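*Asks:* File target_17.tsv follows (TSV, C-alpha atoms):
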```
chain	number	residue	atom	x	y	z
A	206	MET	CA	6.24	-46.49	-23.29
A	207	LEU	CA	6.64	-45.33	-19.71
A	208	ASN	CA	7.83	-47.75	-17.04
A	209	PHE	CA	6.86	-47.03	-13.46
A	210	SER	CA	8.51	-48.58	-10.43
A	211	ALA	CA	6.48	-50.09	-7.61
A	212	LYS	CA	7.53	-47.17	-5.41
A	213	GLN	CA	6.22	-44.66	-7.94
A	214	LEU	CA	2.92	-46.50	-8.31
A	215	ILE	CA	2.48	-46.62	-4.54
A	216	GLY	CA	3.24	-42.90	-4.34
A	217	VAL	CA	0.63	-42.12	-7.00
A	218	GLY	CA	-1.91	-44.31	-5.21
A	219	VAL	CA	-1.30	-42.56	-1.88
A	220	PHE	CA	-1.56	-39.17	-3.56
A	221	LEU	CA	-4.88	-40.03	-5.23
A	222	PHE	CA	-6.27	-41.51	-2.01
A	223	ALA	CA	-5.29	-38.38	-0.08
A	224	ILE	CA	-6.97	-36.08	-2.61
A	225	PHE	CA	-10.21	-37.95	-3.23
A	226	VAL	CA	-10.74	-39.65	0.14
A	227	GLY	CA	-8.46	-38.22	2.81
A	228	VAL	CA	-9.12	-34.51	2.27
A	229	PRO	CA	-12.95	-34.86	2.14
A	230	LEU	CA	-12.89	-36.98	5.31
A	231	ILE	CA	-10.75	-34.43	7.18
A	232	ILE	CA	-12.87	-31.49	6.02
A	233	GLY	CA	-16.06	-33.34	6.91
A	234	ALA	CA	-14.70	-34.11	10.39
A	235	THR	CA	-13.55	-30.55	11.06
A	236	GLY	CA	-16.45	-28.78	9.34
A	237	ARG	CA	-14.03	-26.40	7.58
A	238	TRP	CA	-15.94	-26.35	4.28
A	239	ASP	CA	-14.07	-23.21	3.23
A	240	PHE	CA	-10.98	-25.36	2.65
A	241	TYR	CA	-12.66	-26.82	-0.41
A	242	PHE	CA	-12.51	-23.44	-2.13
A	243	THR	CA	-8.90	-22.94	-0.99
A	244	LEU	CA	-7.74	-26.32	-2.28
A	245	THR	CA	-9.72	-25.89	-5.48
A	246	SER	CA	-7.93	-22.58	-6.08
A	247	VAL	CA	-4.59	-24.28	-5.45
A	248	ALA	CA	-5.44	-26.99	-7.99
A	249	LEU	CA	-6.37	-24.44	-10.65
A	250	LEU	CA	-3.27	-22.33	-10.02
A	251	ALA	CA	-1.21	-25.52	-10.28
A	252	ILE	CA	-2.71	-26.13	-13.74
A	253	ALA	CA	-1.73	-22.64	-14.90
A	254	SER	CA	1.72	-23.03	-13.33
A	255	ALA	CA	2.22	-26.29	-15.24
A	256	GLY	CA	2.09	-24.23	-18.42
A	257	VAL	CA	4.63	-21.75	-17.07
A	258	TRP	CA	6.95	-24.63	-16.15
A	259	LEU	CA	6.65	-26.08	-19.64
A	260	THR	CA	7.78	-22.81	-21.19
A	261	PHE	CA	10.75	-22.70	-18.83
A	262	TYR	CA	11.53	-26.26	-19.91
A	263	ILE	CA	12.59	-24.95	-23.33
A	264	GLY	CA	14.61	-22.17	-21.75
A	265	ARG	CA	12.11	-19.31	-22.14
A	266	ILE	CA	10.94	-17.07	-19.29
A	267	ASN	CA	7.13	-16.83	-19.23
A	268	ILE	CA	5.52	-14.40	-16.79
A	269	GLY	CA	2.32	-13.96	-18.80
A	270	GLN	CA	0.24	-16.97	-17.82
A	271	GLY	CA	-2.22	-14.73	-15.97
A	272	ALA	CA	-3.13	-13.25	-19.37
A	273	PHE	CA	-4.15	-16.62	-20.79
A	274	ALA	CA	-6.06	-17.53	-17.64
A	275	LEU	CA	-7.99	-14.28	-18.06
A	276	ILE	CA	-8.58	-15.03	-21.75
A	277	GLY	CA	-9.85	-18.51	-20.92
A	278	ALA	CA	-12.15	-17.20	-18.19
A	279	TYR	CA	-13.69	-14.59	-20.49
A	280	VAL	CA	-14.08	-16.96	-23.45
A	281	SER	CA	-15.85	-19.54	-21.30
A	282	ALA	CA	-18.06	-16.90	-19.63
A	283	ILE	CA	-19.07	-15.37	-22.98
A	284	LEU	CA	-19.87	-18.75	-24.52
A	285	VAL	CA	-21.92	-19.85	-21.49
A	286	VAL	CA	-23.72	-16.58	-20.70
A	287	LYS	CA	-24.17	-15.04	-24.13
A	288	ALA	CA	-24.13	-18.04	-26.48
A	289	GLY	CA	-25.80	-20.59	-24.20
A	290	TRP	CA	-23.04	-23.19	-24.46
A	291	SER	CA	-22.55	-25.90	-21.86
A	292	PHE	CA	-19.64	-25.10	-19.58
A	293	TRP	CA	-18.04	-28.47	-20.32
A	294	ILE	CA	-17.91	-27.59	-24.02
A	295	SER	CA	-16.70	-24.06	-23.34
A	296	LEU	CA	-13.84	-25.42	-21.20
A	297	PRO	CA	-11.74	-26.91	-24.04
A	298	ALA	CA	-12.87	-24.06	-26.32
A	299	ALA	CA	-11.36	-21.57	-23.84
A	300	GLY	CA	-8.09	-23.49	-23.81
A	301	ILE	CA	-7.99	-23.71	-27.62
A	302	PHE	CA	-8.69	-19.99	-28.00
A	303	ALA	CA	-5.91	-19.17	-25.53
A	304	ALA	CA	-3.57	-21.45	-27.50
A	305	ILE	CA	-4.47	-19.70	-30.78
A	306	VAL	CA	-3.72	-16.31	-29.22
A	307	ALA	CA	-0.39	-17.71	-28.01
A	308	ILE	CA	0.46	-18.90	-31.52
A	309	LEU	CA	-0.32	-15.47	-32.97
A	310	ILE	CA	1.90	-13.83	-30.34
A	311	GLY	CA	4.61	-16.46	-30.49
A	312	MET	CA	5.10	-16.68	-34.26
A	313	PRO	CA	6.87	-13.30	-34.58
A	314	ILE	CA	8.70	-13.13	-31.24
A	315	LEU	CA	9.69	-16.74	-30.51
A	316	ARG	CA	12.09	-16.58	-33.43
A	317	LEU	CA	14.03	-13.91	-31.55
A	318	ARG	CA	16.30	-14.12	-28.53
A	319	GLY	CA	14.72	-15.04	-25.20
A	320	VAL	CA	14.98	-11.57	-23.67
A	321	TYR	CA	12.37	-10.20	-26.09
A	322	PHE	CA	9.93	-12.98	-25.27
A	323	ALA	CA	10.43	-12.40	-21.53
A	324	MET	CA	9.70	-8.69	-21.94
A	325	ILE	CA	6.50	-9.42	-23.91
A	326	THR	CA	5.18	-11.86	-21.31
A	327	LEU	CA	5.96	-9.40	-18.52
A	328	VAL	CA	3.42	-6.92	-19.89
A	329	LEU	CA	1.03	-9.42	-21.45
A	330	THR	CA	-1.28	-9.75	-18.45
A	331	GLN	CA	-1.69	-5.99	-18.24
A	332	VAL	CA	-2.40	-5.79	-21.98
A	333	VAL	CA	-5.17	-8.39	-21.71
A	334	THR	CA	-6.55	-6.61	-18.64
A	335	LEU	CA	-6.76	-3.32	-20.53
A	336	THR	CA	-8.33	-5.09	-23.50
A	337	ALA	CA	-11.00	-6.58	-21.24
A	338	LEU	CA	-11.70	-3.12	-19.88
A	339	ALA	CA	-12.13	-1.71	-23.39
A	340	LEU	CA	-14.15	-4.35	-25.24
A	341	PRO	CA	-17.99	-4.18	-25.14
A	342	ILE	CA	-18.33	-7.97	-25.22
A	343	THR	CA	-16.47	-8.25	-21.89
A	344	ASN	CA	-18.62	-5.55	-20.23
A	345	GLY	CA	-15.57	-3.48	-19.34
A	346	ALA	CA	-14.92	-2.93	-15.64
A	347	LYS	CA	-18.28	-4.51	-14.74
A	348	GLY	CA	-17.02	-7.87	-15.99
A	349	ILE	CA	-19.33	-10.82	-16.52
A	350	SER	CA	-21.27	-11.97	-13.47
A	351	SER	CA	-24.08	-14.40	-12.76
A	352	ILE	CA	-22.36	-17.16	-14.71
A	353	PRO	CA	-24.59	-20.25	-14.35
A	354	LEU	CA	-23.26	-23.33	-12.62
A	355	PRO	CA	-22.15	-26.20	-14.90
A	356	SER	CA	-25.02	-28.31	-16.17
A	357	GLY	CA	-25.11	-32.09	-16.09
A	358	VAL	CA	-23.79	-34.33	-18.86
A	359	SER	CA	-25.36	-37.63	-19.88
A	360	LEU	CA	-24.42	-40.26	-22.44
A	361	PHE	CA	-27.21	-42.51	-23.75
A	362	GLY	CA	-29.26	-41.56	-20.72
A	363	ILE	CA	-26.43	-42.42	-18.30
A	364	PRO	CA	-25.41	-39.40	-16.17
A	365	LEU	CA	-21.68	-38.79	-16.37
A	366	ILE	CA	-21.53	-35.39	-14.66
A	367	PRO	CA	-24.23	-34.21	-12.24
A	368	ASP	CA	-26.04	-30.91	-12.60
A	369	PHE	CA	-24.18	-28.60	-10.24
A	370	ALA	CA	-27.19	-26.31	-9.86
A	371	ALA	CA	-29.20	-29.18	-8.39
A	372	MET	CA	-26.54	-30.04	-5.82
A	373	GLU	CA	-26.78	-28.96	-2.20
A	374	ASN	CA	-23.02	-28.51	-1.84
A	375	THR	CA	-21.18	-27.45	-4.99
A	376	LYS	CA	-17.86	-26.92	-3.19
A	377	LEU	CA	-17.12	-30.64	-3.17
A	378	ALA	CA	-18.14	-30.99	-6.83
A	379	PHE	CA	-15.84	-28.16	-7.91
A	380	TYR	CA	-13.05	-29.56	-5.74
A	381	TYR	CA	-13.27	-32.96	-7.43
A	382	SER	CA	-13.55	-31.36	-10.88
A	383	ALA	CA	-10.49	-29.16	-10.33
A	384	CYS	CA	-8.46	-32.07	-8.94
A	385	ILE	CA	-9.37	-34.34	-11.86
A	386	LEU	CA	-8.41	-31.55	-14.27
A	387	MET	CA	-5.13	-31.01	-12.41
A	388	ILE	CA	-4.27	-34.71	-12.46
A	389	ALA	CA	-5.07	-34.94	-16.19
A	390	THR	CA	-2.88	-31.86	-16.82
A	391	TYR	CA	0.13	-33.25	-14.99
A	392	ALA	CA	-0.33	-36.70	-16.51
A	393	ALA	CA	-0.24	-35.07	-19.96
A	394	LEU	CA	2.75	-32.94	-18.92
A	395	TYR	CA	4.63	-35.99	-17.64
A	396	ARG	CA	3.90	-37.87	-20.86
A	397	LEU	CA	5.00	-34.93	-22.99
A	398	VAL	CA	8.28	-34.52	-21.11
A	399	ASN	CA	9.06	-38.21	-21.62
A	400	SER	CA	8.11	-38.20	-25.31
A	401	ARG	CA	10.28	-37.45	-28.33
A	402	LEU	CA	9.06	-33.84	-28.23
A	403	GLY	CA	10.11	-33.61	-24.60
A	404	HIS	CA	13.59	-34.89	-25.40
A	405	LEU	CA	13.90	-32.27	-28.14
A	406	CYS	CA	12.82	-29.61	-25.65
A	407	ARG	CA	15.48	-30.75	-23.25
A	408	SER	CA	18.14	-30.55	-25.93
A	409	MET	CA	17.00	-26.99	-26.69
A	410	GLN	CA	17.26	-26.08	-23.03
A	411	GLN	CA	20.84	-27.30	-22.89
A	412	ASN	CA	22.11	-25.88	-26.18
A	413	GLU	CA	19.85	-24.41	-28.87
A	414	GLU	CA	22.67	-23.99	-31.39
A	415	LEU	CA	23.63	-27.64	-31.09
A	416	ALA	CA	19.98	-28.73	-31.34
A	417	SER	CA	19.52	-26.59	-34.43
A	418	SER	CA	22.65	-28.06	-36.03
A	419	ILE	CA	21.15	-31.56	-35.93
A	420	GLY	CA	17.95	-30.48	-37.66
A	421	VAL	CA	15.66	-29.48	-34.78
A	422	ASN	CA	13.17	-26.79	-35.84
A	423	ILE	CA	13.72	-24.50	-32.87
A	424	ALA	CA	11.11	-21.86	-33.70
A	425	TYR	CA	8.40	-24.46	-34.43
A	426	ILE	CA	8.91	-26.29	-31.12
A	427	ARG	CA	8.93	-23.02	-29.18
A	428	ILE	CA	5.55	-22.06	-30.67
A	429	VAL	CA	4.04	-25.51	-30.03
A	430	ILE	CA	5.19	-25.52	-26.41
A	431	PHE	CA	3.96	-21.97	-25.85
A	432	ALA	CA	0.56	-22.94	-27.30
A	433	ILE	CA	0.30	-25.96	-24.99
A	434	SER	CA	1.38	-23.81	-22.06
A	435	SER	CA	-1.31	-21.24	-22.84
A	436	PHE	CA	-3.92	-23.98	-23.27
A	437	PHE	CA	-3.31	-25.00	-19.66
A	438	GLY	CA	-3.69	-21.38	-18.57
A	439	GLY	CA	-6.94	-21.04	-20.53
A	440	ILE	CA	-8.67	-24.06	-19.03
A	441	GLY	CA	-7.49	-23.15	-15.54
A	442	GLY	CA	-8.94	-19.66	-15.90
A	443	ALA	CA	-12.20	-20.99	-17.36
A	444	MET	CA	-12.72	-23.32	-14.42
A	445	PHE	CA	-11.96	-20.55	-11.94
A	446	GLY	CA	-14.52	-18.28	-13.61
A	447	SER	CA	-17.16	-20.97	-13.30
A	448	ILE	CA	-16.41	-21.46	-9.61
A	449	ALA	CA	-16.52	-17.74	-8.87
A	450	GLN	CA	-19.52	-17.39	-11.24
A	451	SER	CA	-17.94	-14.16	-12.43
A	452	VAL	CA	-14.88	-12.80	-14.18
A	453	TYR	CA	-13.40	-9.31	-14.07
A	454	PRO	CA	-10.39	-7.64	-15.73
A	455	SER	CA	-8.49	-7.89	-12.45
A	456	SER	CA	-9.28	-11.58	-11.81
A	457	PHE	CA	-5.70	-12.67	-12.61
A	458	GLN	CA	-2.39	-10.96	-11.97
A	459	VAL	CA	1.26	-11.41	-12.93
A	460	ALA	CA	1.89	-13.14	-9.58
A	461	ASP	CA	-0.24	-16.08	-10.76
A	462	SER	CA	2.59	-16.99	-13.15
A	463	VAL	CA	5.44	-17.57	-10.71
A	464	ASN	CA	4.30	-20.52	-8.60
A	465	CYS	CA	6.57	-23.02	-10.36
A	466	PHE	CA	9.83	-21.50	-9.05
A	467	LEU	CA	9.50	-22.69	-5.45
A	468	GLY	CA	8.74	-26.35	-6.20
A	469	GLY	CA	11.60	-26.68	-8.65
A	470	LEU	CA	12.05	-25.97	-12.34
A	471	GLY	CA	13.81	-29.31	-12.78
A	472	TYR	CA	10.77	-31.39	-11.80
A	473	VAL	CA	7.45	-31.96	-13.56
A	474	PHE	CA	5.54	-31.81	-10.28
A	475	GLY	CA	7.44	-28.78	-9.02
A	476	PRO	CA	4.65	-26.33	-9.97
A	477	MET	CA	2.11	-28.34	-8.00
A	478	LEU	CA	4.21	-28.26	-4.82
A	479	GLY	CA	5.23	-24.64	-5.37
A	480	THR	CA	1.62	-23.52	-5.70
A	481	LEU	CA	0.58	-25.36	-2.55
A	482	VAL	CA	3.44	-23.98	-0.44
A	483	LEU	CA	3.10	-20.41	-1.72
A	484	TYR	CA	-0.67	-20.31	-1.30
A	485	PHE	CA	-0.70	-21.61	2.28
A	486	GLY	CA	2.57	-19.92	3.22
A	487	TRP	CA	1.15	-16.52	2.34
A	488	ASP	CA	-1.96	-17.19	4.43
A	489	LEU	CA	0.06	-18.39	7.42
A	490	LEU	CA	2.16	-15.23	7.38
A	491	PHE	CA	-0.98	-13.12	7.57
A	492	GLU	CA	-0.57	-13.12	11.35
A	493	PHE	CA	2.54	-10.94	11.01
A	494	GLY	CA	0.52	-8.02	9.63
A	495	LYS	CA	2.63	-5.36	7.93
A	496	TYR	CA	5.70	-7.62	8.05
A	497	GLN	CA	3.97	-10.30	5.98
A	498	MET	CA	5.49	-9.26	2.66
A	499	LEU	CA	8.96	-8.72	4.16
A	500	ILE	CA	9.06	-12.20	5.74
A	501	TYR	CA	7.53	-13.80	2.66
A	502	SER	CA	10.09	-12.21	0.33
A	503	THR	CA	12.98	-13.08	2.63
A	504	ILE	CA	11.97	-16.74	2.73
A	505	LEU	CA	11.71	-16.85	-1.07
A	506	ILE	CA	15.14	-15.27	-1.46
A	507	LEU	CA	16.68	-17.77	0.96
A	508	ILE	CA	15.09	-20.69	-0.89
A	509	ILE	CA	16.34	-19.37	-4.24
A	510	ARG	CA	19.80	-18.86	-2.74
A	511	PHE	CA	20.22	-22.21	-1.00
A	512	LEU	CA	17.77	-24.36	-3.00
A	513	PRO	CA	18.10	-23.07	-6.58
A	514	ASN	CA	16.41	-26.22	-7.89
A	515	GLY	CA	13.41	-25.82	-5.58
A	516	LEU	CA	12.06	-27.77	-2.64
A	517	LEU	CA	11.93	-31.04	-4.58
A	518	SER	CA	15.73	-30.96	-4.85
A	519	LEU	CA	15.79	-31.97	-1.17
A	520	ARG	CA	14.78	-35.48	-2.09
A	521	ILE	CA	17.16	-38.09	-3.49
A	522	GLY	CA	17.11	-38.48	-7.24
A	523	LYS	CA	16.95	-35.66	-9.73
A	524	GLY	CA	15.56	-35.10	-13.19
A	525	ALA	CA	12.64	-33.41	-14.82
A	526	ASP	CA	10.89	-36.71	-15.45
A	527	LYS	CA	11.12	-37.97	-11.88
```
I'd like the structure from this file rewritten - as structure tokens, please.
*Replies:*
Amino acid sequence: MLNFSAKQLIGVGVFLFAIFVGVPLIIGATGRWDFYFTLTSVALLAIASAGVWLTFYIGRINIGQGAFALIGAYVSAILVVKAGWSFWISLPAAGIFAAIVAILIGMPILRLRGVYFAMITLVLTQVVTLTALALPITNGAKGISSIPLPSGVSLFGIPLIPDFAAMENTKLAFYYSACILMIATYAALYRLVNSRLGHLCRSMQQNEELASSIGVNIAYIRIVIFAISSFFGGIGGAMFGSIAQSVYPSSFQVADSVNCFLGGLGYVFGPMLGTLVLYFGWDLLFEFGKYQMLIYSTILILIIRFLPNGLLSLRIGKGADK
């Protein structure tokens, strides 16, 4: 049972109000409708980064989340375009398929030392990219385009989700959908971290030998966490494919897996903040032209040097469950 302080509840309320009311009001007043796509992309990257953070939580380096986002995007696109499934059914199916692939990969290598797992994840995105280029079902380099917009969902004649194709402005609908998915992801992540499984993960992070000596099945927990992590990547990629109405082998890169570092690896909501800062920080530095990458890299190095626990370490009170 989780106990929340009044301060935490107020913070959550302000956050939800800002996302669902404040942002639409500001965008409507300024007429910058393109920000909906930007913020939607941030929300989806934050979902994928949540999975990366979870793998780091057990002391394993995961730089392969882009691979599972690509898997999820292709699975959803194939089910919708070629099998005629509803997008809302293909969404969890994409996450489950990504999790199954993670289990198949994790079973042999997650029993080994962490360096081997890190090396596998480093090349995993490229392996999936090459696979997408080679398989007939993915259409190779042409990818899958003309993905239909999500259809409506009704229960006993009561509309629960509107038909996106019938909407005049789908940007707002996708923005709300991505934000709801992001909030559900981080709520689940927060609950997991504060559960018995989360406490076991924390003990593994601190000392795997000690955790193993008291009966913790190290290999089993690693595989479960990696599967959950990949599930997040799969659903994030599936949603992105639906928004773009297309998916290509190059849709996701290794860089999509590192957004959790900046926010803070010691905090559940670190990936969310890290994604937001990195996404907008990169765009702001665009004005510096050819020096963009140099300045960007220098800032990241300085943050890693002086704020090793991320930007959230600036606030008072530490802990992964804060």
*Asks:* Can you work out the spacing between atom CA of A:Thr330 and atom CA of A:Ile268 in Å, to one decimal?
*Replies:*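 Taking atom CA of A:Thr330 and atom CA of A:Ile268, their separation equals 8.4 Å.
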*Asks:* Taking into account all atoms listed in the file, which residue in the set A:Leu512, A:Ile440, A:Ile448, A:Ile314 is nearest to A:Phe379?
*Replies:*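 Ranked by minimum distance to A:Phe379, first place goes to A:Ile448.
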*Asks:* Place a sphere of radius 12 Å on (-5.5, -34.5, -16.3) in the file coordinates and name every protein, DNA or RNA residue with an atom inside or on its surface, counting all atoms listed in the file; give the answer as a list of chain:residue names.
*Replies:*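 Protein and nucleic acid residues near the point are A:Ala248, A:Leu249, A:Ala251, A:Ile252, A:Ala255, A:Tyr381, A:Ser382, A:Ala383, A:Cys384, A:Ile385, A:Leu386, A:Met387, A:Ile388, A:Ala389, A:Thr390, A:Tyr391, A:Ala392, A:Ala393, A:Leu394, A:Tyr395, A:Arg396, A:Phe437, A:Ile440, A:Gly441.
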*Asks:* Tell me which of A:Gly438, A:Gly362, A:Gly277, A:Gly269 sits closest to A:Met324, counting all atoms listed in the file.
*Replies:*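 Among the listed residues, A:Gly269 lies closest to A:Met324.
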*Asks:* Tell me, in Å to one decimal, how far atom CA of A:Trp258 is from atom CA of A:Ile294.
*Replies:*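 Computed distance, atom CA of A:Trp258 to atom CA of A:Ile294, equals 26.2 Å.
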